[in-house]
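**Q** See coords_39.cif below, with mmCIF, C-alpha atoms.
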data_final
loop_
_atom_site.label_atom_id
_atom_site.label_comp_id
_atom_site.auth_asym_id
_atom_site.auth_seq_id
_atom_site.Cartn_x
_atom_site.Cartn_y
_atom_site.Cartn_z
CA MET A 1 74.99 136.34 143.29
CA PHE A 2 76.55 134.01 145.91
CA GLU A 3 75.24 131.06 147.87
CA PRO A 4 76.17 131.19 151.61
CA ALA A 5 79.92 130.91 152.22
CA PRO A 6 79.86 127.60 154.16
CA ARG A 7 78.11 125.95 151.22
CA LEU A 8 80.65 127.37 148.77
CA LEU A 9 83.50 126.06 150.94
CA LEU A 10 81.80 122.68 151.01
CA GLY A 11 81.66 122.74 147.19
CA LEU A 12 85.33 123.72 147.02
CA LEU A 13 86.32 120.86 149.36
CA THR A 14 84.17 118.31 147.49
CA GLY A 15 85.63 119.47 144.18
CA PHE A 16 89.20 119.40 145.54
CA LEU A 17 88.78 115.75 146.48
CA PHE A 18 87.06 114.96 143.16
CA GLY A 19 89.91 116.55 141.18
CA PHE A 20 92.53 114.86 143.35
CA PHE A 21 90.96 111.46 142.74
CA LEU A 22 90.54 112.04 138.98
CA GLN A 23 94.23 112.91 138.64
CA LYS A 24 95.41 109.97 140.76
CA GLY A 25 93.17 107.71 138.68
CA ARG A 26 94.97 108.85 135.48
CA VAL A 27 91.68 109.91 133.86
CA SER A 28 92.91 113.50 133.43
CA ASP A 29 95.34 112.05 130.86
CA ARG A 30 93.85 112.15 127.40
CA ARG A 31 95.82 109.10 126.24
CA VAL A 32 93.95 107.11 128.89
CA ILE A 33 90.55 108.48 127.79
CA VAL A 34 91.16 107.95 124.07
CA GLY A 35 92.66 104.54 124.93
CA GLN A 36 89.34 103.62 126.53
CA PHE A 37 87.41 104.54 123.38
CA LEU A 38 89.91 102.51 121.33
CA LEU A 39 89.20 99.61 123.74
CA ARG A 40 92.90 99.35 124.58
CA ASP A 41 92.87 100.71 128.15
CA PHE A 42 89.87 100.12 130.43
CA THR A 43 90.94 102.53 133.21
CA VAL A 44 88.01 104.91 132.56
CA MET A 45 85.48 102.08 132.68
CA LYS A 46 87.00 100.67 135.89
CA VAL A 47 86.84 104.07 137.60
CA MET A 48 83.31 104.84 136.42
CA MET A 49 81.80 101.43 137.15
CA THR A 50 83.37 101.25 140.63
CA ALA A 51 82.16 104.79 141.39
CA ILE A 52 78.64 103.92 140.19
CA LEU A 53 78.48 100.71 142.24
CA VAL A 54 80.05 101.98 145.48
CA GLY A 55 78.21 105.30 145.17
CA GLY A 56 74.89 103.73 144.22
CA ILE A 57 74.82 101.05 146.91
CA GLY A 58 75.64 103.65 149.57
CA VAL A 59 73.14 106.20 148.30
CA TYR A 60 70.32 103.63 148.11
CA ALA A 61 71.22 102.42 151.63
CA MET A 62 71.07 106.01 152.91
CA LEU A 63 67.80 106.48 151.02
CA ALA A 64 66.33 103.45 152.83
CA ALA A 65 67.51 104.92 156.14
CA GLY A 66 65.80 108.21 155.26
CA TRP A 67 69.05 110.21 155.31
CA VAL A 68 69.07 111.39 151.69
CA GLN A 69 66.74 112.01 148.77
CA LEU A 70 67.47 111.04 145.19
CA ALA A 71 67.94 113.78 142.57
CA VAL A 72 66.99 111.94 139.38
CA LYS A 73 67.07 113.84 136.08
CA PRO A 74 64.02 113.42 133.85
CA ALA A 75 64.21 110.80 131.12
CA HIS A 76 63.87 113.04 128.05
CA LEU A 77 65.09 110.12 125.99
CA LEU A 78 65.36 111.85 122.61
CA SER A 79 67.37 114.85 123.86
CA ILE A 80 69.60 112.62 125.99
CA PHE A 81 70.27 110.35 123.03
CA VAL A 82 70.98 113.24 120.64
CA GLY A 83 73.13 115.07 123.23
CA ALA A 84 75.10 111.91 123.99
CA LEU A 85 75.63 111.26 120.25
CA ILE A 86 77.32 114.68 120.05
CA PHE A 87 79.10 114.32 123.41
CA GLY A 88 80.76 110.93 122.75
CA PRO A 89 82.59 111.89 119.52
CA ALA A 90 83.47 115.34 120.94
CA MET A 91 85.01 113.64 123.98
CA VAL A 92 87.21 111.56 121.66
CA PHE A 93 88.52 114.66 119.85
CA LEU A 94 88.93 116.83 122.96
CA GLY A 95 90.33 113.84 124.85
CA TYR A 96 88.54 114.85 128.05
CA CYS A 97 85.04 115.11 129.44
CA PRO A 98 84.04 118.33 131.26
CA GLY A 99 85.27 117.19 134.70
CA THR A 100 88.54 115.70 133.47
CA ALA A 101 89.13 118.76 131.24
CA VAL A 102 88.89 120.99 134.32
CA ALA A 103 91.27 118.63 136.17
CA ALA A 104 93.75 118.55 133.26
CA ALA A 105 93.58 122.35 132.93
CA GLY A 106 94.30 122.71 136.66
CA GLU A 107 97.35 120.47 136.30
CA GLY A 108 98.66 122.82 133.63
CA LYS A 109 97.85 120.86 130.48
CA ARG A 110 97.55 123.66 127.97
CA ASP A 111 95.42 121.83 125.43
CA ALA A 112 92.78 121.53 128.17
CA TRP A 113 92.79 125.34 128.59
CA TRP A 114 91.67 125.62 124.96
CA GLY A 115 89.13 122.91 125.68
CA LEU A 116 87.66 124.98 128.53
CA LEU A 117 87.41 128.00 126.23
CA GLY A 118 85.57 125.88 123.66
CA MET A 119 83.27 124.54 126.38
CA THR A 120 82.42 128.05 127.58
CA LEU A 121 81.62 129.14 124.02
CA GLY A 122 79.51 126.01 123.60
CA ALA A 123 77.53 126.85 126.75
CA ALA A 124 76.96 130.41 125.47
CA VAL A 125 75.68 129.19 122.09
CA TYR A 126 73.52 126.49 123.67
CA ALA A 127 71.87 129.06 125.97
CA GLU A 128 70.43 130.79 122.88
CA PHE A 129 68.81 127.56 121.71
CA ASP A 130 67.62 126.03 124.98
CA ALA A 131 63.99 126.98 124.44
CA ALA A 132 64.01 125.51 120.93
CA CYS A 133 65.73 122.38 122.23
CA THR A 134 63.07 121.89 124.89
CA ARG A 135 60.33 122.23 122.27
CA THR A 136 61.81 119.92 119.67
CA LEU A 137 63.91 117.37 121.61
CA ARG A 138 62.61 117.24 125.21
CA ALA A 139 58.84 117.50 124.84
CA PRO A 140 58.36 114.54 122.43
CA VAL A 141 59.68 111.77 124.75
CA ASP A 142 59.42 112.63 128.44
CA LEU A 143 59.18 109.71 130.85
CA GLY A 144 59.84 111.97 133.85
CA PRO A 145 62.50 111.41 136.55
CA VAL A 146 62.22 107.63 136.40
CA THR A 147 64.68 105.04 137.72
CA LEU A 148 65.28 101.52 136.40
CA PRO A 149 63.66 99.93 139.51
CA GLN A 150 60.55 102.11 139.03
CA LEU A 151 60.43 101.37 135.31
CA THR A 152 60.89 97.61 135.55
CA GLY A 153 59.62 96.70 139.02
CA VAL A 154 62.96 94.94 139.65
CA PRO A 155 64.31 96.15 143.04
CA ALA A 156 67.45 98.28 143.22
CA ALA A 157 69.26 95.53 145.18
CA VAL A 158 68.82 93.14 142.25
CA TRP A 159 70.14 95.73 139.78
CA PHE A 160 73.20 96.35 141.92
CA ALA A 161 73.83 92.62 142.47
CA ALA A 162 73.69 92.02 138.71
CA LEU A 163 75.97 94.99 137.96
CA VAL A 164 78.49 93.94 140.63
CA LEU A 165 78.61 90.41 139.22
CA PHE A 166 79.04 91.70 135.67
CA ALA A 167 81.76 94.19 136.67
CA TRP A 168 83.57 91.61 138.83
CA PHE A 169 83.80 88.97 136.11
CA PHE A 170 84.44 91.38 133.26
CA PHE A 171 87.26 93.28 135.00
CA ARG A 172 88.79 90.08 136.40
CA TRP A 173 88.85 88.66 132.89
CA LEU A 174 90.43 91.88 131.54
CA ASP A 175 93.08 92.05 134.29
CA ARG A 176 94.03 88.38 133.88
CA ARG A 177 94.30 88.80 130.14
CA ALA A 178 96.54 91.85 130.66
CA GLU A 179 98.82 89.87 132.99
CA SER A 180 99.37 86.96 130.62
CA MET B 1 101.84 110.87 152.89
CA GLN B 2 103.61 108.15 150.89
CA LEU B 3 100.23 107.38 149.36
CA LEU B 4 99.70 111.00 148.30
CA LYS B 5 103.10 111.07 146.62
CA ARG B 6 102.51 107.93 144.61
CA ALA B 7 102.06 108.97 140.98
CA PHE B 8 98.88 106.95 140.44
CA TRP B 9 96.36 104.89 142.36
CA SER B 10 94.47 101.77 141.35
CA PRO B 11 91.43 102.66 139.21
CA TYR B 12 89.23 100.58 141.53
CA ALA B 13 90.46 102.53 144.59
CA VAL B 14 89.83 105.81 142.76
CA GLY B 15 86.36 104.69 141.66
CA ALA B 16 85.49 103.64 145.23
CA ALA B 17 86.75 107.00 146.54
CA ILE B 18 84.57 108.88 144.03
CA GLY B 19 81.64 106.68 145.06
CA VAL B 20 82.15 107.59 148.73
CA LEU B 21 82.54 111.24 147.73
CA SER B 22 79.11 111.06 146.09
CA TRP B 23 77.64 109.85 149.43
CA PHE B 24 79.25 112.91 151.00
CA ALA B 25 77.71 115.20 148.34
CA PHE B 26 74.23 113.71 148.82
CA LEU B 27 74.53 113.97 152.62
CA THR B 28 76.03 117.44 152.93
CA ALA B 29 75.02 119.42 149.84
CA LYS B 30 71.84 117.44 149.06
CA ARG B 31 73.13 117.38 145.49
CA PRO B 32 74.93 114.87 143.30
CA LEU B 33 78.31 115.60 141.70
CA GLY B 34 78.09 117.47 138.39
CA ILE B 35 80.26 119.79 136.32
CA SER B 36 78.75 121.11 133.12
CA SER B 37 76.03 123.45 134.44
CA ALA B 38 78.76 125.53 136.12
CA PHE B 39 79.80 126.58 132.59
CA VAL B 40 76.30 127.94 132.00
CA ARG B 41 76.63 129.88 135.27
CA LEU B 42 79.95 131.30 134.09
CA VAL B 43 78.31 132.39 130.82
CA ALA B 44 75.33 133.87 132.70
CA TRP B 45 77.76 135.91 134.82
CA LEU B 46 79.95 137.11 131.89
CA GLU B 47 76.99 137.99 129.69
CA GLY B 48 75.37 139.65 132.71
CA LEU B 49 78.34 142.04 132.91
CA ALA B 50 78.23 142.85 129.20
CA ALA B 51 74.53 142.59 128.34
CA PRO B 52 72.28 142.29 131.41
CA ALA B 53 69.13 142.89 129.35
CA HIS B 54 69.94 139.89 127.16
CA VAL B 55 70.43 137.65 130.22
CA ALA B 56 67.13 138.85 131.69
CA ALA B 57 65.40 138.02 128.39
CA THR B 58 66.92 134.52 128.19
CA PRO B 59 65.18 132.30 130.78
CA TYR B 60 67.90 129.63 130.62
CA LEU B 61 70.52 132.18 131.76
CA ALA B 62 68.23 134.21 134.01
CA LYS B 63 67.36 131.14 136.12
CA MET B 64 71.06 130.49 136.89
CA GLN B 65 70.87 132.41 140.17
CA PRO B 66 72.80 132.62 142.37
CA VAL B 67 75.55 132.43 139.76
CA PHE B 68 78.25 131.36 142.22
CA ASP B 69 76.83 128.24 143.83
CA TRP B 70 78.08 124.97 145.33
CA GLU B 71 78.71 123.43 141.89
CA PHE B 72 80.62 126.48 140.60
CA PHE B 73 83.01 126.19 143.54
CA LEU B 74 83.14 122.43 143.07
CA VAL B 75 84.55 123.02 139.57
CA ILE B 76 87.20 125.40 140.93
CA GLY B 77 88.03 122.74 143.52
CA VAL B 78 88.48 120.09 140.81
CA ALA B 79 91.18 122.18 139.14
CA LEU B 80 92.98 122.80 142.46
CA GLY B 81 92.70 119.19 143.57
CA ALA B 82 94.12 117.88 140.30
CA LEU B 83 96.97 120.39 140.53
CA ALA B 84 97.80 119.25 144.09
CA ALA B 85 97.63 115.57 143.11
CA ALA B 86 99.88 116.08 140.09
CA ARG B 87 102.49 118.10 142.00
CA LEU B 88 102.54 115.67 144.94
CA GLY B 89 103.01 112.83 142.45
CA GLY B 90 105.90 114.66 140.79
CA MET B 91 104.05 115.32 137.53
CA ARG B 92 104.61 118.51 135.58
CA SER B 93 102.99 119.41 132.32
CA GLY B 94 103.53 122.55 130.33
CA GLU B 95 104.16 121.37 126.81
CA LYS B 96 102.88 123.68 124.10
CA PRO B 97 100.08 122.18 122.05
CA SER B 98 100.39 122.30 118.26
CA GLY B 99 98.05 124.51 116.26
CA ARG B 100 96.23 121.41 115.11
CA ARG B 101 95.77 120.23 118.69
CA ILE B 102 94.50 123.67 119.76
CA ALA B 103 91.86 123.60 117.00
CA GLU B 104 90.89 120.04 117.95
CA ALA B 105 90.56 120.92 121.65
CA LEU B 106 88.62 124.13 120.95
CA LEU B 107 86.13 122.46 118.61
CA GLY B 108 85.97 119.31 120.73
CA GLY B 109 85.21 121.39 123.83
CA PHE B 110 82.58 123.41 121.97
CA PHE B 111 80.62 120.37 120.82
CA LEU B 112 81.22 118.55 124.12
CA MET B 113 79.35 121.30 125.97
CA ILE B 114 76.59 121.54 123.33
CA GLY B 115 76.05 117.79 123.73
CA ALA B 116 76.17 117.96 127.52
CA ARG B 117 73.59 120.74 127.70
CA ILE B 118 71.23 119.08 125.19
CA ALA B 119 71.47 115.91 127.30
CA ASN B 120 71.08 117.97 130.51
CA GLY B 121 74.30 116.64 132.05
CA CYS B 122 77.81 115.32 131.39
CA THR B 123 79.87 112.28 132.36
CA SER B 124 79.64 113.37 136.01
CA GLY B 125 76.02 114.55 136.31
CA ASN B 126 74.46 111.95 134.02
CA GLY B 127 77.16 109.30 133.62
CA ILE B 128 78.20 108.78 137.25
CA SER B 129 75.58 110.57 139.39
CA GLY B 130 72.64 109.55 137.20
CA SER B 131 73.77 105.96 136.74
CA LEU B 132 74.49 105.43 140.46
CA GLN B 133 70.90 106.46 141.22
CA LEU B 134 69.86 103.90 138.58
CA ALA B 135 68.27 106.76 136.62
CA LEU B 136 67.07 105.77 133.16
CA SER B 137 68.42 109.12 131.87
CA GLY B 138 71.90 108.35 133.27
CA TRP B 139 72.18 104.88 131.77
CA VAL B 140 70.90 105.96 128.33
CA PHE B 141 73.54 108.74 128.35
CA PHE B 142 76.36 106.49 129.60
CA LEU B 143 75.75 103.71 127.07
CA THR B 144 75.25 106.15 124.16
CA ILE B 145 78.47 108.12 124.76
CA PHE B 146 80.37 104.87 125.12
CA ALA B 147 79.03 103.40 121.88
CA SER B 148 79.36 106.61 119.84
CA GLY B 149 82.80 107.33 121.30
CA VAL B 150 84.12 103.86 120.50
CA ALA B 151 82.79 104.10 116.93
CA THR B 152 84.41 107.54 116.48
CA ALA B 153 87.75 106.48 117.96
CA LEU B 154 88.00 103.32 115.88
CA LEU B 155 87.15 105.23 112.69
CA PHE B 156 89.17 108.43 113.19
CA LYS B 157 91.62 108.15 116.06
CA LYS B 158 94.11 105.35 115.57
CA GLU B 159 96.90 107.31 117.28
CA VAL B 160 96.81 109.91 120.08
CA ARG B 161 98.93 112.82 118.93
#
Take the structure in the file and give it back as structure tokens.
**A**
Amino acid sequence: MFEPAPRLLLGLLTGFLFGFFLQKGRVSDRRVIVGQFLLRDFTVMKVMMTAILVGGIGVYAMLAAGWVQLAVKPAHLLSIFVGALIFGPAMVFLGYCPGTAVAAAGEGKRDAWWGLLGMTLGAAVYAEFDAACTRTLRAPVDLGPVTLPQLTGVPAAVWFAALVLFAWFFFRWLDRRAES
Amino acid sequence: MQLLKRAFWSPYAVGAAIGVLSWFAFLTAKRPLGISSAFVRLVAWLEGLAAPAHVAATPYLAKMQPVFDWEFFLVIGVALGALAAARLGGMRSGEKPSGRRIAEALLGGFFLMIGARIANGCTSGNGISGSLQLALSGWVFFLTIFASGVATALLFKKEVR
């Protein structure tokens, strides 16, 4: 029923920091999230891209040093595409994603409490259809747990360099435009 | 302490902090950050209390053992951390949502989780943790939710009520 207590405490601490950062980053505010999808407020994109780049460069460096192993999810492209096509619009209407809904609910935002109830019901309904989903949506297109460097032969360092350059120029352009 | 009391931080600083936190998760828990599968664990536990035979007969729920794992406690931590950050920053929120907003949040949450489980991960597990590992699955998810979300917002969500 329970994993060992030290590991649970580690999860609690990691989650505490995650929730703290999400709130300080304003992404537990649904106006900020909907504002991102309306292309009026790029806070969500700035947080996510910076997390991906800082996180990714560090994790690949630790991978090279032999300290960590990757945990890549399989590329079931059809199910990921279909799931994301449901997830994106639902995120606009709820105004949160799962992590930011938990953060907003913790802060006391009551609409997020209803969101968590809906999410729990969604998980219960999905559980009844997981086997069917695997048969119809996962089996047809399964490329396995593949990364972009493995797929393309372009090294991770080149991917990160390109993404850093893109993010740097794009966000600098956005921030300058916002100032003027 | 001054920093903790500031209402908000720069989005770049927050993104960098979440990036470093993901190093910590890989190093200590040997797992990336993720949220949505904890909801399946919650369901597996609740249904296990009410209908253990059904859980045993449903492989997707039966495999969620132990129910209370690192990620389950991570989700509890997220709620506590956000509460601490909001209170330290002097933010309080307790306004009552309208009936319309309750329906929107309930239905939105329902389909959000259906989508997350079909895609085998949410904005954290696929969007951030998958993308930072340069996983093809993560980037396909990230770009698809962004495109479909923008299209939905521009069509149906001119104002945030």
**Q** Which one is closest to Ala16 of chain B: A:Leu53, A:Ala178, A:Leu137, A:Leu94? Count only C-alpha atoms.
**A** A:Leu53
**Q** When you count only C-alpha atoms, which of these residues is closest to Pro149 of chain A: A:Thr134, A:Leu77, A:Ser180, A:Tyr60?
**A** A:Tyr60
**Q** One number please: atom CA of Pro66 of chain B to atom CA of Phe26 of chain B, in Å, one decimal.
**A** 20.0 Å
**Q** Could you give me, as a ChimeraX atom specification, the residues within 9 Å of segment 95-99 of chain A, counting all atoms listed in the file and dropping anything in the same chain fewer than 4 positions from it?
**A** /A:18-19,22,27-34,87-88,90-91,103-104,112,115-116,119 /B:34-36,75,78-79,105,108-109,112-113,116,122-124,160
**Q** Quote the spacing between atom CA of Thr28 of chain B and atom CA of Gly77 of chain B in Å to one decimal place.
**A**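 Interatomic distance, atom CA of Thr28 of chain B to atom CA of Gly77 of chain B: 16.1 Å.
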**Q** Since I can't run it myself right now, could you work out what the PyMOL selection byres ((chain A and resi 15) around 9) selects here and report it as number ranges by chain?
**A** A: 10-14, 16-20; B: 33, 71, 73-81
**Q** Calculate how many Å separate atom CA of Gly138 of chain B from atom CA of Pro32 of chain B, rounding to one decimal.
**A**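 Separating atom CA of Gly138 of chain B from atom CA of Pro32 of chain B is a distance of 12.3 Å.
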**Q** Please enumerate the residues selected by the PyMOL selection byres ((chain B and resi 151-155) around 7) when evaluated against the supplied file, formatted as a list in words.
**A**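 This file gives the following for the PyMOL selection byres ((chain B and resi 151-155) around 7): Phe37, Leu38, Pro89 and Val92 of chain A; Ala147, Ser148, Gly149, Val150, Phe156, Lys157 and Lys158 of chain B.
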**Q** Quick one: which residues end up in the PyMOL selection byres ((chain B and resi 41) around 9) for this structure, as an MDAnalysis selection string?
**A** chainID B and resid 37:40 42:46 61 64:69 72
**Q** With a cut-off of 9 Å, could you pull out the residues of segment 6-55 of chain B touching segment 83-96 of chain B and give me the nearest pair of atoms for each, distance in Å to one decimal, using only C-alpha atoms, ordered by chain and ascending number, as JSON lines?
**A**
{"residue": "B:Arg6", "atom": "CA", "partner": "B:Gly89", "partner_atom": "CA", "distance": 5.4}
{"residue": "B:Ala7", "atom": "CA", "partner": "B:Gly89", "partner_atom": "CA", "distance": 4.2}
{"residue": "B:Phe8", "atom": "CA", "partner": "B:Gly89", "partner_atom": "CA", "distance": 7.5}
**Q** Within 12 Å of (60.1, 115.3, 130.2), in the coordinates the file gives, what residues turn up when you count all atoms listed in the file, written out as a PDB file with C-alpha atoms, in the frame of the given file?
**A**
ATOM      1  CA  VAL A  72      66.990 111.940 139.380  1.00  0.00           C
ATOM      2  CA  LYS A  73      67.070 113.840 136.080  1.00  0.00           C
ATOM      3  CA  PRO A  74      64.020 113.420 133.850  1.00  0.00           C
ATOM      4  CA  ALA A  75      64.210 110.800 131.120  1.00  0.00           C
ATOM      5  CA  HIS A  76      63.870 113.040 128.050  1.00  0.00           C
ATOM      6  CA  LEU A  77      65.090 110.120 125.990  1.00  0.00           C
ATOM      7  CA  LEU A  78      65.360 111.850 122.610  1.00  0.00           C
ATOM      8  CA  SER A  79      67.370 114.850 123.860  1.00  0.00           C
ATOM      9  CA  ILE A  80      69.600 112.620 125.990  1.00  0.00           C
ATOM     10  CA  THR A 134      63.070 121.890 124.890  1.00  0.00           C
ATOM     11  CA  ARG A 135      60.330 122.230 122.270  1.00  0.00           C
ATOM     12  CA  THR A 136      61.810 119.920 119.670  1.00  0.00           C
ATOM     13  CA  LEU A 137      63.910 117.370 121.610  1.00  0.00           C
ATOM     14  CA  ARG A 138      62.610 117.240 125.210  1.00  0.00           C
ATOM     15  CA  ALA A 139      58.840 117.500 124.840  1.00  0.00           C
ATOM     16  CA  PRO A 140      58.360 114.540 122.430  1.00  0.00           C
ATOM     17  CA  VAL A 141      59.680 111.770 124.750  1.00  0.00           C
ATOM     18  CA  ASP A 142      59.420 112.630 128.440  1.00  0.00           C
ATOM     19  CA  LEU A 143      59.180 109.710 130.850  1.00  0.00           C
ATOM     20  CA  GLY A 144      59.840 111.970 133.850  1.00  0.00           C
ATOM     21  CA  PRO A 145      62.500 111.410 136.550  1.00  0.00           C
ATOM     22  CA  VAL A 146      62.220 107.630 136.400  1.00  0.00           C
TER      23      VAL A 146
ATOM     24  CA  ALA B 119      71.470 115.910 127.300  1.00  0.00           C
ATOM     25  CA  ASN B 120      71.080 117.970 130.510  1.00  0.00           C
ATOM     26  CA  SER B 137      68.420 109.120 131.870  1.00  0.00           C
TER      27      SER B 137
END
**Q** Counting all atoms listed in the file, which residue out of A:Pro4, A:Thr147, A:Gln36, A:Ala65 sits closest to chain B?
**A**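 Comparing A:Pro4, A:Thr147, A:Gln36, A:Ala65 against chain B, the winner is A:Thr147.
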**Q** With the input short on atoms, add N, CA and C atoms back to segment 14-41 of chain B and write it as a short mmCIF file (atom, residue, chain, number, x, y, z; two decimals), keeping the file's coordinate frame.
**A**
data_model
loop_
_atom_site.label_atom_id
_atom_site.label_comp_id
_atom_site.auth_asym_id
_atom_site.auth_seq_id
_atom_site.Cartn_x
_atom_site.Cartn_y
_atom_site.Cartn_z
N VAL B 14 90.30 104.47 143.13
CA VAL B 14 89.83 105.81 142.76
C VAL B 14 88.31 105.80 142.55
N GLY B 15 87.81 104.79 141.87
CA GLY B 15 86.36 104.69 141.66
C GLY B 15 85.62 104.61 142.98
N ALA B 16 86.14 103.78 143.92
CA ALA B 16 85.49 103.64 145.23
C ALA B 16 85.52 104.98 145.96
N ALA B 17 86.65 105.70 145.86
CA ALA B 17 86.75 107.00 146.54
C ALA B 17 85.74 107.99 145.97
N ILE B 18 85.56 107.98 144.64
CA ILE B 18 84.57 108.88 144.03
C ILE B 18 83.16 108.47 144.45
N GLY B 19 82.93 107.16 144.58
CA GLY B 19 81.64 106.68 145.06
C GLY B 19 81.34 107.20 146.46
N VAL B 20 82.33 107.11 147.35
CA VAL B 20 82.15 107.59 148.73
C VAL B 20 81.97 109.11 148.74
N LEU B 21 82.69 109.79 147.84
CA LEU B 21 82.54 111.24 147.73
C LEU B 21 81.12 111.61 147.31
N SER B 22 80.49 110.76 146.50
CA SER B 22 79.11 111.06 146.09
C SER B 22 78.16 110.86 147.28
N TRP B 23 78.46 109.93 148.19
CA TRP B 23 77.64 109.85 149.43
C TRP B 23 77.74 111.18 150.16
N PHE B 24 78.99 111.66 150.28
CA PHE B 24 79.25 112.91 151.00
C PHE B 24 78.45 114.06 150.37
N ALA B 25 78.43 114.13 149.03
CA ALA B 25 77.71 115.20 148.34
C ALA B 25 76.21 115.10 148.62
N PHE B 26 75.66 113.89 148.55
CA PHE B 26 74.23 113.71 148.82
C PHE B 26 73.90 114.09 150.26
N LEU B 27 74.79 113.73 151.20
CA LEU B 27 74.53 113.97 152.62
C LEU B 27 74.66 115.44 152.98
N THR B 28 75.73 116.09 152.46
CA THR B 28 76.03 117.44 152.93
C THR B 28 75.41 118.52 152.05
N ALA B 29 75.51 118.37 150.74
CA ALA B 29 75.02 119.42 149.84
C ALA B 29 73.62 119.13 149.33
N LYS B 30 73.14 117.91 149.59
CA LYS B 30 71.84 117.44 149.06
C LYS B 30 71.83 117.49 147.54
N ARG B 31 73.04 117.34 146.95
CA ARG B 31 73.13 117.38 145.49
C ARG B 31 74.13 116.36 145.03
N PRO B 32 73.92 115.76 143.86
CA PRO B 32 74.93 114.87 143.30
C PRO B 32 76.06 115.66 142.63
N LEU B 33 77.19 114.98 142.39
CA LEU B 33 78.31 115.60 141.70
C LEU B 33 77.93 115.92 140.26
N GLY B 34 78.35 117.09 139.77
CA GLY B 34 78.09 117.47 138.39
C GLY B 34 79.04 118.60 138.03
N ILE B 35 79.28 118.80 136.75
CA ILE B 35 80.26 119.79 136.32
C ILE B 35 79.68 120.80 135.33
N SER B 36 78.94 120.29 134.32
CA SER B 36 78.75 121.11 133.12
C SER B 36 77.85 122.32 133.34
N SER B 37 76.91 122.28 134.30
CA SER B 37 76.03 123.45 134.44
C SER B 37 76.79 124.65 135.00
N ALA B 38 77.96 124.40 135.64
CA ALA B 38 78.76 125.53 136.12
C ALA B 38 79.22 126.40 134.95
N PHE B 39 79.39 125.80 133.77
CA PHE B 39 79.80 126.58 132.59
C PHE B 39 78.68 127.51 132.14
N VAL B 40 77.44 127.06 132.32
CA VAL B 40 76.30 127.94 132.00
C VAL B 40 76.27 129.10 132.99
N ARG B 41 76.59 128.81 134.26
CA ARG B 41 76.63 129.88 135.27
C ARG B 41 77.71 130.90 134.94
#
